[in-house]
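Note sheet for the following structure.
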Amino acid sequence: MEGTILKTEDFNAWFGSTQVLKNLNISIAKHKITAIMGPSGCGKSTFIRCINRMHELNQNATTTGKIYLDGQNIYEQNPTILRRHIGMVFQNPNPFNTMSIYQNVIAGYTLNGYKLNRAERDVVVEESLENAALWDEVKDNLHKKGTFLSGGQQQRLCIARSLAMKPEILLLDEPTSALDPISTAKIEELLFGLKQSYTIIIVTHNIQQAARISDFSAFFYLGEVSEWDETKTIFTNPKNIQTQNYITGRFG
Amino acid sequence: MKERLRYRNARNLVFKFFVIVFTLISVVPLVLLILYIFKQGISVINWNFFTSLPKPVGEIGGGIFNALVGSLLIILVATMMAVPFGVTTGMYFSENSRNWVYKLAHLSVDVLQGIPSIVIGIIIYLWLVKPFGKFSAFSGSVALSFMMLPSIIKSTEETLKLVPHALKEASLSLGVPYYKTMLRVVMPAGISGILNGVILGVARVAGETAPLLFTAFGNPFLSLNIFKPMASLPLIIFNYAISPYDEWHRLAWGASFILVSMVLILNILTKLTEKRWKVQF
Amino acid sequence: MQLQVQQTRIIRRLKIREALFHKTLSLSAIILIILLFCMFLTLLVSSLPSIKALGLKFIYGNTWDPVSGEFGALSFLVGTLLTSLLALLISTPFSLTIGLFLGEYYPKGWFSALLKNAVELLAGIPSVIYGFWGIYFIVPIVRSLEMKLGAPPIGVGIFTASLVLSIMIIPFSASLIRLVISMVPVTLKEAAYSLGATRFEVIRYIIIPYIRSGLSAGILLALGRALGETMAVTMLIGNTQALPHSLFATGDTMASVIANQFTEATGKVYFSALIEIGLFLFVVTTIINIIGRNIIKRFES
Ligand SMILES: Nc1ncnc2c1ncn2[C@@H]1O[C@H](COP(=O)(O)OP(=O)(O)O)[C@@H](O)[C@H]1O
Ligand SMILES: [Mg+2]
């Protein structure tokens, strides 16, 4: 594929003795939005948590196979350093409750001990909040705690926090499933704008969402990629019967 | 049948009455104790009582300055030793379970909590007093720090287990190393719970006398050298209470009043930190 | 190239710090285990002279005479058991009713909140203050009681110590009992109520049988507390090294004899015998604690 940023090769993942990802071979296009779909429990979260090596933090969790980021196997890199290049946004917004909005955005720098001066910090905060379409709403309250924001705002704050690190890839695990439709629309819109400069992988339960925003879609079924292609193709001409059933709403 | 029902209802009422009365009776000693200490203590307390040293037998007046300073110093040193160790142990407990170290160490905490304080005094005497040939405030602090450990360890473990996993994941996903995640994200989120345990620990040892008998030993003069014997409030209360002199009894009442007030304040403080901690999540 | 080297250095530093952190945590847990083990070992080793010199006579002998070198701890054993059991006997009805009051009758409301705080406060008051208060407040009462009963009006003694001890352990056992009572499943109680049982009958036939093991654990743990309680008992028991012949007699407990004699014990066997008493206390309270906690844990799950 043209402009591949991430590629898995015979990738498997386990929780103890149960295999949750089976022989994954998939490529992710650079500066595109890839949607991961599939019935619940099929391994979507596990997959994206393998991309930033969060999976292995679970007890007894193991993996085999390779994932290449820019041609380098991430399983041969230091996981902590790797995570600085890969942002992640979770299903439920999780801003740091002891920090202000401002501190939340630059948390990746302060917690990692990067020294920024005042002006640099201000730039990072403003830029990231702008990118997350939150700046206008919070610019007067930057030093208040992030926990008093609405759920949708909190989620955008979490996106801003990830963007502040200027990641190569942004992983989102059902980022809108806990939000109302208006907040969801806002986030979809902002993701659309972000793909100029970021590669986005989004897990979604919502077929319409995948159709609306993604360039590529992968359909997971029982830990396997049963199909992946351009979103257009998947939705108009699915090759696989499970995919067909899923997108026409026959199960899942 | 009706007869029987009446009997059952009567029995029910009598029992309830009995429960209420017994409960009320058990509050009586507390009220008496507090009132008595208040009454005896308040008349002794004045500026001089805080700032002067005890007078020899036969002289009127004198204060407990040395004991007050001694108590604060001994507890401060004990806290400084117990907190780092207790927090790291509690953190280990919150992160690991089901391995043998966890089980055995957890058992050790339970055992430690149950050891009579006088026995701790003996042990520390054998470790730190006998080998050096002299009593010291430091050995007293060590004894008290052992007694503080269980509450610090347990509250650290429980609080950190309650910190939402999502917070930890957020930090790790930003590429923050595990140790920094624990120290700078997880611990601050649980800080008031940990603080609660520390205050609880201080409250527990503030009035401990038995472990100080053979360690800090007591000292009629003001001493700031932690490697020498030192006075403390509980010791001064004990020594003066069993003495035959009225004037010393008066000092002991004053000291008791101060000590009970300290414990009371620490108690209230734990309530406050507990509240804050509960609101947080 | 330069960047590569720098990167490697950063990663190395990171790894070292992570390892150091993990080591520190597990080391503290291991040190704790070692410390506890050393505590036991210290007591054991320091008791050896006495164990060798006295053997079992230490337990059945009731003469404690440093001058003649006879150290039989029987009277302290008896004194300890007597005061602790008597204190349990006095306190249990009260702790049980407080437990019922807070756990079953009035779990909410301002008075219960007040009572709970009062009980906690009672638990926080230092032992030495209970002792001091006992000398001034309880001793005269007991003395006048003794006069009425025709016993020698000493005031201090086993009974006085037990009385104050019972006040001291009420908070502890009451809160444990409240805990186990509050764990009785609501469905069980509701089932009984729906059959027309009165509250007394629910308590008698549902709650008490259900919490029996938890209750005994609570009492056991309170006993563990009472056995090692030192200051108040030392100040109130009269400190006599002889078998008590009545409840009002003076005596000594294991803890009080240590408190009184430890710093002035001269002679190897004397000193060691006092430590052996400490060892004995350590072992007994540890066993009681482990059993009690296990029962409670099993009850909780
Ligand atoms: N912490 C865990 N321990 C054991 N099994 C897990 C754990 N988390 C998820 N699983 C299992 O792994 C499978 C995949 O889970 P997940 O990746 O979360 O699915 P999805 O995100 O697609 O709903 C599921 O069958 C789930 O039961
Ligand atoms: Mg999921």
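Every chain in the structure tokens has a letter given in the order shown (A, B, ...), and although residue numbers restart at 1 in each chain, ligands are simply numbered from 1 in the order shown.
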
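Scanning stretch 47-273 of chain C with DSSP on the backbone, the strand (DSSP E or B) assignments fall on Trp64, Asp65, Glu70, Phe71, Gly238 and Gly251 of chain C.
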
Quick one: contact table of chain A to chain B, 7 Å max, nearest atom pair and distance in Å to one decimal per residue, counting only C-alpha atoms, chain and number order, as a tab-separated table?
```
residue	atom	partner	partner_atom	distance
A:Thr80	CA	B:Gly175	CA	4.8
A:Ile81	CA	B:Gly175	CA	5.8
A:Leu82	CA	B:Gly175	CA	7.0
A:Arg83	CA	B:Gly175	CA	4.4
A:Arg84	CA	B:Gly175	CA	4.4
A:Gly87	CA	B:Leu174	CA	6.6
A:Met88	CA	B:Ser173	CA	6.1
A:Asn94	CA	B:Ala166	CA	6.0
A:Phe96	CA	B:Leu167	CA	6.4
A:Thr98	CA	B:Ala189	CA	6.4
A:Gly108	CA	B:Leu174	CA	5.5
A:Leu111	CA	B:Val176	CA	6.2
A:Asn112	CA	B:Val176	CA	5.5
A:Ser162	CA	B:Leu174	CA	7.0
```

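For B:Phe227, the list of residues within 8 Å, based on only C-alpha atoms and with local chain neighbours fewer than 5 positions off taken out, reads B:Phe135, B:Ser136, B:Ala137, B:Phe138.
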
Original post:
Which distance in Å separates atom CA of C:Phe248 and atom CA of C:Ile129, to one decimal?
Top reply: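 Separation of atom CA of C:Phe248 and atom CA of C:Ile129: 22.1 Å.
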
**OP:** Name the residues in contact with A:Asp10 at a cut-off of 6 Å, using only C-alpha atoms, excluding same-chain residues fewer than 5 positions from it; report them as a PyMOL selection string.
**Re:** chain A and resi 23-25+65

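Residue-level contacts from chain B to chain C at 6 Å, counting only C-alpha atoms, read Asn12, Val19, Phe22, Thr23, Thr88, Thr89, Tyr92, Ala105, Ser108, Val111, Ile115, Pro116, Val119, Tyr179 and Gly207 of chain B.
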
Original post:
Within 9 Å of C:Ser166, counting only C-alpha atoms, which residues qualify if same-chain residues fewer than 4 places away don't, as an MDAnalysis selection string?
Top reply: chainID C and resid 84 86:92 161:162 170 226

Save the residues we just selected, all heavy atoms, as an mmCIF file, in the first residue's frame?
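And here is the file that came out, selection_3.cif:
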```cif
data_model
loop_
_atom_site.group_PDB
_atom_site.id
_atom_site.type_symbol
_atom_site.label_atom_id
_atom_site.label_comp_id
_atom_site.auth_asym_id
_atom_site.auth_seq_id
_atom_site.Cartn_x
_atom_site.Cartn_y
_atom_site.Cartn_z
ATOM 1 N N SER C 84 -7.897 -10.374 81.959
ATOM 2 C CA SER C 84 -8.391 -10.309 80.584
ATOM 3 C C SER C 84 -9.774 -10.932 80.470
ATOM 4 O O SER C 84 -10.674 -10.371 79.846
ATOM 5 C CB SER C 84 -7.441 -11.029 79.631
ATOM 6 O OG SER C 84 -6.176 -10.456 79.705
ATOM 7 N N LEU C 86 -11.972 -11.490 82.836
ATOM 8 C CA LEU C 86 -12.952 -10.703 83.580
ATOM 9 C C LEU C 86 -13.352 -9.462 82.775
ATOM 10 O O LEU C 86 -14.542 -9.115 82.675
ATOM 11 C CB LEU C 86 -12.350 -10.298 84.927
ATOM 12 C CG LEU C 86 -13.336 -9.804 85.981
ATOM 13 C CD1 LEU C 86 -14.379 -10.879 86.254
ATOM 14 C CD2 LEU C 86 -12.595 -9.474 87.276
ATOM 15 N N ALA C 87 -12.333 -8.838 82.165
ATOM 16 C CA ALA C 87 -12.624 -7.657 81.352
ATOM 17 C C ALA C 87 -13.523 -8.020 80.175
ATOM 18 O O ALA C 87 -14.463 -7.288 79.847
ATOM 19 C CB ALA C 87 -11.325 -7.031 80.842
ATOM 20 N N LEU C 88 -13.267 -9.164 79.560
ATOM 21 C CA LEU C 88 -14.119 -9.612 78.455
ATOM 22 C C LEU C 88 -15.538 -9.842 78.930
ATOM 23 O O LEU C 88 -16.509 -9.471 78.269
ATOM 24 C CB LEU C 88 -13.580 -10.916 77.864
ATOM 25 C CG LEU C 88 -12.495 -10.812 76.822
ATOM 26 C CD1 LEU C 88 -12.226 -12.190 76.230
ATOM 27 C CD2 LEU C 88 -12.897 -9.857 75.723
ATOM 28 N N LEU C 89 -15.627 -10.485 80.102
ATOM 29 C CA LEU C 89 -16.935 -10.807 80.658
ATOM 30 C C LEU C 89 -17.744 -9.531 80.894
ATOM 31 O O LEU C 89 -18.934 -9.463 80.581
ATOM 32 C CB LEU C 89 -16.727 -11.549 81.984
ATOM 33 C CG LEU C 89 -17.857 -12.454 82.432
ATOM 34 C CD1 LEU C 89 -17.963 -13.635 81.474
ATOM 35 C CD2 LEU C 89 -17.592 -12.949 83.847
ATOM 36 N N ILE C 90 -17.083 -8.519 81.438
ATOM 37 C CA ILE C 90 -17.790 -7.261 81.713
ATOM 38 C C ILE C 90 -18.122 -6.541 80.412
ATOM 39 O O ILE C 90 -19.213 -5.999 80.240
ATOM 40 C CB ILE C 90 -16.938 -6.335 82.612
ATOM 41 C CG1 ILE C 90 -16.615 -7.035 83.932
ATOM 42 C CG2 ILE C 90 -17.646 -5.018 82.872
ATOM 43 C CD1 ILE C 90 -15.616 -6.294 84.796
ATOM 44 N N SER C 91 -17.174 -6.548 79.464
ATOM 45 C CA SER C 91 -17.352 -5.674 78.295
ATOM 46 C C SER C 91 -18.239 -6.277 77.218
ATOM 47 O O SER C 91 -18.907 -5.546 76.499
ATOM 48 C CB SER C 91 -15.987 -5.323 77.700
ATOM 49 O OG SER C 91 -15.410 -6.467 77.117
ATOM 50 N N THR C 92 -18.261 -7.600 77.103
ATOM 51 C CA THR C 92 -18.961 -8.196 75.965
ATOM 52 C C THR C 92 -20.442 -7.815 75.870
ATOM 53 O O THR C 92 -20.917 -7.490 74.784
ATOM 54 C CB THR C 92 -18.758 -9.715 75.939
ATOM 55 O OG1 THR C 92 -17.368 -9.981 75.887
ATOM 56 C CG2 THR C 92 -19.419 -10.338 74.726
ATOM 57 N N ALA C 161 -8.379 -3.368 87.856
ATOM 58 C CA ALA C 161 -7.704 -3.425 86.556
ATOM 59 C C ALA C 161 -8.653 -3.948 85.485
ATOM 60 O O ALA C 161 -8.720 -3.402 84.376
ATOM 61 C CB ALA C 161 -6.460 -4.306 86.650
ATOM 62 N N SER C 162 -9.416 -5.005 85.830
ATOM 63 C CA SER C 162 -10.329 -5.585 84.844
ATOM 64 C C SER C 162 -11.399 -4.591 84.437
ATOM 65 O O SER C 162 -11.783 -4.511 83.263
ATOM 66 C CB SER C 162 -11.016 -6.817 85.408
ATOM 67 O OG SER C 162 -10.072 -7.697 85.919
ATOM 68 N N ILE C 170 -14.014 -2.104 75.080
ATOM 69 C CA ILE C 170 -15.358 -1.993 74.491
ATOM 70 C C ILE C 170 -15.310 -1.411 73.073
ATOM 71 O O ILE C 170 -15.892 -1.995 72.158
ATOM 72 C CB ILE C 170 -16.297 -1.163 75.391
ATOM 73 C CG1 ILE C 170 -16.743 -2.009 76.590
ATOM 74 C CG2 ILE C 170 -17.530 -0.702 74.619
ATOM 75 C CD1 ILE C 170 -17.604 -1.249 77.580
ATOM 76 N N ALA C 226 -6.441 -7.330 75.217
ATOM 77 C CA ALA C 226 -6.433 -7.253 76.675
ATOM 78 C C ALA C 226 -5.183 -7.899 77.260
ATOM 79 O O ALA C 226 -4.593 -7.385 78.206
ATOM 80 C CB ALA C 226 -7.689 -7.916 77.233
#
```

Subject >> Contact residues around A:Ile159 with only C-alpha atoms at 9 Å, ignoring same-chain residues under 5 positions, as a PyMOL selection string >> reply: chain A and resi 87-89+105+128-129+131-132+154+164+170+172

Original post:
What lies within 10 Å of B:Glu247 using only C-alpha atoms, ignoring chain neighbours under 3 positions off, as a ChimeraX atom specification?
Top reply: /B:55-62,240,243-244,250-252

Any chance you could export the current selection's N, CA and C atoms as a CSV table (one decimal), in the first residue's frame?
```csv
chain,number,residue,atom,x,y,z
B,55,LYS,N,9.6,21.2,88.2
B,55,LYS,CA,10.3,21.6,89.4
B,55,LYS,C,10.6,20.4,90.3
B,56,PRO,N,11.7,20.4,91.0
B,56,PRO,CA,12.0,19.3,91.9
B,56,PRO,C,10.8,19.2,93.0
B,57,VAL,N,10.8,18.0,93.6
B,57,VAL,CA,9.8,17.8,94.6
B,57,VAL,C,9.8,18.9,95.7
B,58,GLY,N,8.6,19.3,96.1
B,58,GLY,CA,8.5,20.3,97.1
B,58,GLY,C,8.3,21.7,96.6
B,59,GLU,N,8.7,21.9,95.4
B,59,GLU,CA,8.5,23.3,94.9
B,59,GLU,C,7.2,23.3,94.1
B,60,ILE,N,6.5,24.5,94.2
B,60,ILE,CA,5.3,24.6,93.5
B,60,ILE,C,5.5,25.1,92.1
B,61,GLY,N,4.6,24.7,91.2
B,61,GLY,CA,4.6,25.2,89.8
B,61,GLY,C,5.4,24.3,88.9
B,62,GLY,N,6.0,24.9,87.9
B,62,GLY,CA,6.7,24.1,87.0
B,62,GLY,C,5.8,23.7,85.8
B,240,TYR,N,4.6,10.7,87.0
B,240,TYR,CA,4.0,11.6,88.0
B,240,TYR,C,2.8,11.0,88.6
B,243,SER,N,3.6,8.8,91.3
B,243,SER,CA,4.4,9.4,92.4
B,243,SER,C,3.4,9.8,93.5
B,244,PRO,N,4.0,9.9,94.7
B,244,PRO,CA,3.1,10.3,95.9
B,244,PRO,C,2.8,11.8,96.0
B,250,ARG,N,-0.8,17.2,89.8
B,250,ARG,CA,-1.3,18.3,89.1
B,250,ARG,C,-0.7,18.5,87.7
B,251,LEU,N,0.6,18.3,87.7
B,251,LEU,CA,1.3,18.4,86.4
B,251,LEU,C,0.8,17.3,85.5
B,252,ALA,N,0.6,16.1,86.1
B,252,ALA,CA,0.2,15.0,85.3
B,252,ALA,C,-1.2,15.2,84.7
```

**OP:** Throw together the list of residues within 6 Å of ligand 1, counting only C-alpha atoms and all ligand atoms, and drop it here as an MDAnalysis selection string.
**Re:** chainID A and resid 15 20 40:46

Please determine the contact residues of chain C with respect to chain A at a cut-off of 10 Å, counting only C-alpha atoms, and supply them as a JSON list (two decimals) with all heavy atoms, in the first residue's frame.
```
[["chain", "number", "residue", "atom", "x", "y", "z"],
["C", 7, "GLN", "N", 19.85, 8.49, 22.59],
["C", 7, "GLN", "CA", 18.65, 7.68, 22.78],
["C", 7, "GLN", "C", 18.96, 6.44, 23.64],
["C", 7, "GLN", "O", 18.24, 6.13, 24.59],
["C", 7, "GLN", "CB", 18.12, 7.23, 21.40],
["C", 7, "GLN", "CG", 16.80, 6.51, 21.46],
["C", 7, "GLN", "CD", 15.64, 7.49, 21.64],
["C", 7, "GLN", "OE1", 15.85, 8.69, 21.71],
["C", 7, "GLN", "NE2", 14.44, 6.98, 21.76],
["C", 8, "THR", "N", 20.08, 5.78, 23.30],
["C", 8, "THR", "CA", 20.46, 4.60, 24.06],
["C", 8, "THR", "C", 20.69, 4.96, 25.52],
["C", 8, "THR", "O", 20.30, 4.23, 26.43],
["C", 8, "THR", "CB", 21.78, 3.99, 23.52],
["C", 8, "THR", "OG1", 21.89, 4.34, 22.15],
["C", 8, "THR", "CG2", 21.80, 2.51, 23.69],
["C", 10, "ILE", "N", 19.33, 7.44, 27.19],
["C", 10, "ILE", "CA", 18.04, 7.70, 27.83],
["C", 10, "ILE", "C", 17.35, 6.40, 28.22],
["C", 10, "ILE", "O", 16.86, 6.24, 29.33],
["C", 10, "ILE", "CB", 17.12, 8.51, 26.88],
["C", 10, "ILE", "CG1", 17.66, 9.93, 26.74],
["C", 10, "ILE", "CG2", 15.69, 8.54, 27.41],
["C", 10, "ILE", "CD1", 16.92, 10.76, 25.73],
["C", 11, "ILE", "N", 17.37, 5.46, 27.27],
["C", 11, "ILE", "CA", 16.71, 4.18, 27.55],
["C", 11, "ILE", "C", 17.38, 3.45, 28.70],
["C", 11, "ILE", "O", 16.73, 2.91, 29.58],
["C", 11, "ILE", "CB", 16.69, 3.30, 26.28],
["C", 11, "ILE", "CG1", 15.77, 3.94, 25.24],
["C", 11, "ILE", "CG2", 16.23, 1.89, 26.59],
["C", 11, "ILE", "CD1", 15.73, 3.25, 23.94],
["C", 12, "ARG", "N", 18.70, 3.48, 28.72],
["C", 12, "ARG", "CA", 19.41, 2.81, 29.80],
["C", 12, "ARG", "C", 19.04, 3.42, 31.15],
["C", 12, "ARG", "O", 18.73, 2.73, 32.12],
["C", 12, "ARG", "CB", 20.93, 2.91, 29.56],
["C", 12, "ARG", "CG", 21.76, 2.47, 30.76],
["C", 12, "ARG", "CD", 22.87, 1.50, 30.47],
["C", 12, "ARG", "NE", 23.51, 1.66, 29.17],
["C", 12, "ARG", "CZ", 24.57, 2.47, 28.98],
["C", 12, "ARG", "NH1", 25.06, 3.19, 29.97],
["C", 12, "ARG", "NH2", 25.11, 2.55, 27.79],
["C", 14, "LEU", "N", 16.39, 5.03, 31.90],
["C", 14, "LEU", "CA", 15.00, 4.70, 32.19],
["C", 14, "LEU", "C", 14.90, 3.31, 32.79],
["C", 14, "LEU", "O", 14.24, 3.09, 33.81],
["C", 14, "LEU", "CB", 14.22, 4.74, 30.87],
["C", 14, "LEU", "CG", 12.71, 4.76, 31.00],
["C", 14, "LEU", "CD1", 12.28, 6.19, 31.27],
["C", 14, "LEU", "CD2", 12.09, 4.27, 29.71],
["C", 15, "LYS", "N", 15.61, 2.38, 32.17],
["C", 15, "LYS", "CA", 15.55, 1.00, 32.64],
["C", 15, "LYS", "C", 16.09, 0.88, 34.05],
["C", 15, "LYS", "O", 15.52, 0.19, 34.89],
["C", 15, "LYS", "CB", 16.36, 0.09, 31.70],
["C", 15, "LYS", "CG", 15.56, -0.35, 30.49],
["C", 15, "LYS", "CD", 16.35, -1.38, 29.71],
["C", 15, "LYS", "CE", 15.55, -1.87, 28.51],
["C", 15, "LYS", "NZ", 16.43, -2.39, 27.45]]
```

Which residues are near ligand 2 - at most 12 Å, using only C-alpha atoms and all ligand atoms? Format: as an mmCIF file with N, CA and C atoms, in the first residue's frame.
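Output file selection_27.cif is given in full below:
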```
data_model
loop_
_atom_site.group_PDB
_atom_site.id
_atom_site.type_symbol
_atom_site.label_atom_id
_atom_site.label_comp_id
_atom_site.auth_asym_id
_atom_site.auth_seq_id
_atom_site.Cartn_x
_atom_site.Cartn_y
_atom_site.Cartn_z
ATOM 1 N N ILE A 36 -11.664 0.641 13.119
ATOM 2 C CA ILE A 36 -11.675 -0.774 13.472
ATOM 3 C C ILE A 36 -13.079 -1.101 13.970
ATOM 4 N N MET A 37 -13.705 -2.060 13.311
ATOM 5 C CA MET A 37 -15.082 -2.408 13.702
ATOM 6 C C MET A 37 -15.139 -3.868 14.088
ATOM 7 N N GLY A 38 -16.276 -4.259 14.607
ATOM 8 C CA GLY A 38 -16.467 -5.658 14.935
ATOM 9 C C GLY A 38 -17.285 -5.810 16.184
ATOM 10 N N PRO A 39 -17.883 -6.979 16.353
ATOM 11 C CA PRO A 39 -18.718 -7.193 17.530
ATOM 12 C C PRO A 39 -17.892 -7.101 18.815
ATOM 13 N N SER A 40 -18.559 -6.848 19.891
ATOM 14 C CA SER A 40 -17.836 -6.628 21.128
ATOM 15 C C SER A 40 -17.137 -7.916 21.575
ATOM 16 N N GLY A 41 -15.932 -7.767 22.080
ATOM 17 C CA GLY A 41 -15.153 -8.917 22.517
ATOM 18 C C GLY A 41 -14.315 -9.540 21.424
ATOM 19 N N CYS A 42 -14.294 -8.918 20.232
ATOM 20 C CA CYS A 42 -13.571 -9.548 19.128
ATOM 21 C C CYS A 42 -12.096 -9.156 19.119
ATOM 22 N N GLY A 43 -11.684 -8.291 20.017
ATOM 23 C CA GLY A 43 -10.258 -7.992 20.118
ATOM 24 C C GLY A 43 -9.845 -6.637 19.589
ATOM 25 N N LYS A 44 -10.815 -5.738 19.377
ATOM 26 C CA LYS A 44 -10.474 -4.411 18.835
ATOM 27 C C LYS A 44 -9.582 -3.645 19.816
ATOM 28 N N SER A 45 -10.048 -3.582 21.067
ATOM 29 C CA SER A 45 -9.249 -2.841 22.052
ATOM 30 C C SER A 45 -7.884 -3.481 22.208
ATOM 31 N N THR A 46 -7.880 -4.796 22.294
ATOM 32 C CA THR A 46 -6.602 -5.482 22.447
ATOM 33 C C THR A 46 -5.657 -5.104 21.312
ATOM 34 N N PHE A 47 -6.180 -5.055 20.111
ATOM 35 C CA PHE A 47 -5.334 -4.724 18.968
ATOM 36 C C PHE A 47 -4.693 -3.352 19.124
ATOM 37 N N ILE A 48 -5.511 -2.335 19.399
ATOM 38 C CA ILE A 48 -4.870 -1.017 19.459
ATOM 39 C C ILE A 48 -4.001 -0.873 20.711
ATOM 40 N N ARG A 49 -4.307 -1.661 21.747
ATOM 41 C CA ARG A 49 -3.435 -1.612 22.922
ATOM 42 C C ARG A 49 -2.122 -2.349 22.679
ATOM 43 N N PHE A 90 -9.042 7.107 25.479
ATOM 44 C CA PHE A 90 -9.782 5.950 25.981
ATOM 45 C C PHE A 90 -11.282 6.157 25.878
ATOM 46 N N GLN A 91 -11.984 5.060 26.137
ATOM 47 C CA GLN A 91 -13.448 5.084 26.035
ATOM 48 C C GLN A 91 -14.065 6.108 26.983
ATOM 49 N N ASN A 92 -13.614 6.061 28.246
ATOM 50 C CA ASN A 92 -14.102 7.053 29.192
ATOM 51 C C ASN A 92 -13.050 8.122 29.376
ATOM 52 N N LEU A 172 -7.663 5.762 19.138
ATOM 53 C CA LEU A 172 -8.858 6.123 19.916
ATOM 54 C C LEU A 172 -9.715 4.878 20.100
ATOM 55 N N ASP A 173 -10.031 4.558 21.347
ATOM 56 C CA ASP A 173 -10.808 3.360 21.643
ATOM 57 C C ASP A 173 -12.243 3.755 21.977
ATOM 58 N N GLU A 174 -13.118 3.652 21.027
ATOM 59 C CA GLU A 174 -14.516 4.058 21.183
ATOM 60 C C GLU A 174 -14.632 5.387 21.920
ATOM 61 N N PRO A 175 -14.015 6.434 21.379
ATOM 62 C CA PRO A 175 -13.916 7.690 22.132
ATOM 63 C C PRO A 175 -15.258 8.379 22.336
ATOM 64 N N SER A 177 -18.324 6.677 22.628
ATOM 65 C CA SER A 177 -19.422 5.807 23.058
ATOM 66 C C SER A 177 -20.024 6.270 24.383
ATOM 67 N N ILE A 202 -9.184 4.459 14.866
ATOM 68 C CA ILE A 202 -10.290 4.623 15.801
ATOM 69 C C ILE A 202 -11.099 3.335 15.886
ATOM 70 N N VAL A 203 -11.267 2.857 17.089
ATOM 71 C CA VAL A 203 -12.155 1.717 17.309
ATOM 72 C C VAL A 203 -13.558 2.267 17.463
ATOM 73 N N THR A 204 -14.493 1.711 16.743
ATOM 74 C CA THR A 204 -15.850 2.215 16.912
ATOM 75 C C THR A 204 -16.865 1.095 16.832
ATOM 76 N N HIS A 205 -17.883 1.285 17.598
ATOM 77 C CA HIS A 205 -18.968 0.338 17.664
ATOM 78 C C HIS A 205 -20.028 0.726 16.651
ATOM 79 N N PHE A 220 -13.091 -6.785 12.358
ATOM 80 C CA PHE A 220 -12.542 -7.859 13.188
ATOM 81 C C PHE A 220 -13.649 -8.834 13.540
#
```

Original post:
To one decimal place, how far is atom CA of A:Ala211 from atom CA of A:Lys232 in Å?
Top reply: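 If I compute the distance from atom CA of A:Ala211 to atom CA of A:Lys232, I get 7.7 Å.
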
**OP:** Going by DSSP on the backbone, which bits of stretch 83-150 of chain B are helix (DSSP H, G or I)? Write them as JSON, numbers by chain, please.
**Re:** {"B": [83, 84, 85, 86, 87, 88, 89, 90, 91, 92, 93, 94, 95, 100, 101, 102, 103, 104, 105, 106, 107, 108, 109, 110, 111, 112, 113, 114, 117, 118, 119, 120, 121, 122, 123, 124, 125, 126, 127, 128, 129, 137, 138, 139, 140, 141, 142, 143, 144, 145, 146, 147, 148, 149, 150]}

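Closest approach to B:Gly121 among B:Val27, B:Ala67, B:Ala216, B:Ile268: B:Ala216, based on only C-alpha atoms.
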
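Among B:Ala231, B:Met80, B:Ile199, B:Val101, the residue with the shortest atom-to-atom distance to B:Asn267, counting only C-alpha atoms, is B:Ile199.
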
Subject >> Which residue of B:Phe18, B:Phe221, B:Phe93, B:Phe65 approaches B:Asn46 most closely, using only C-alpha atoms >> reply: B:Phe65

Original post:
Which value, in Å to one decimal, gives the distance between atom CA of B:Phe50 and atom CA of C:Ile138?
Top reply: 28.9 Å
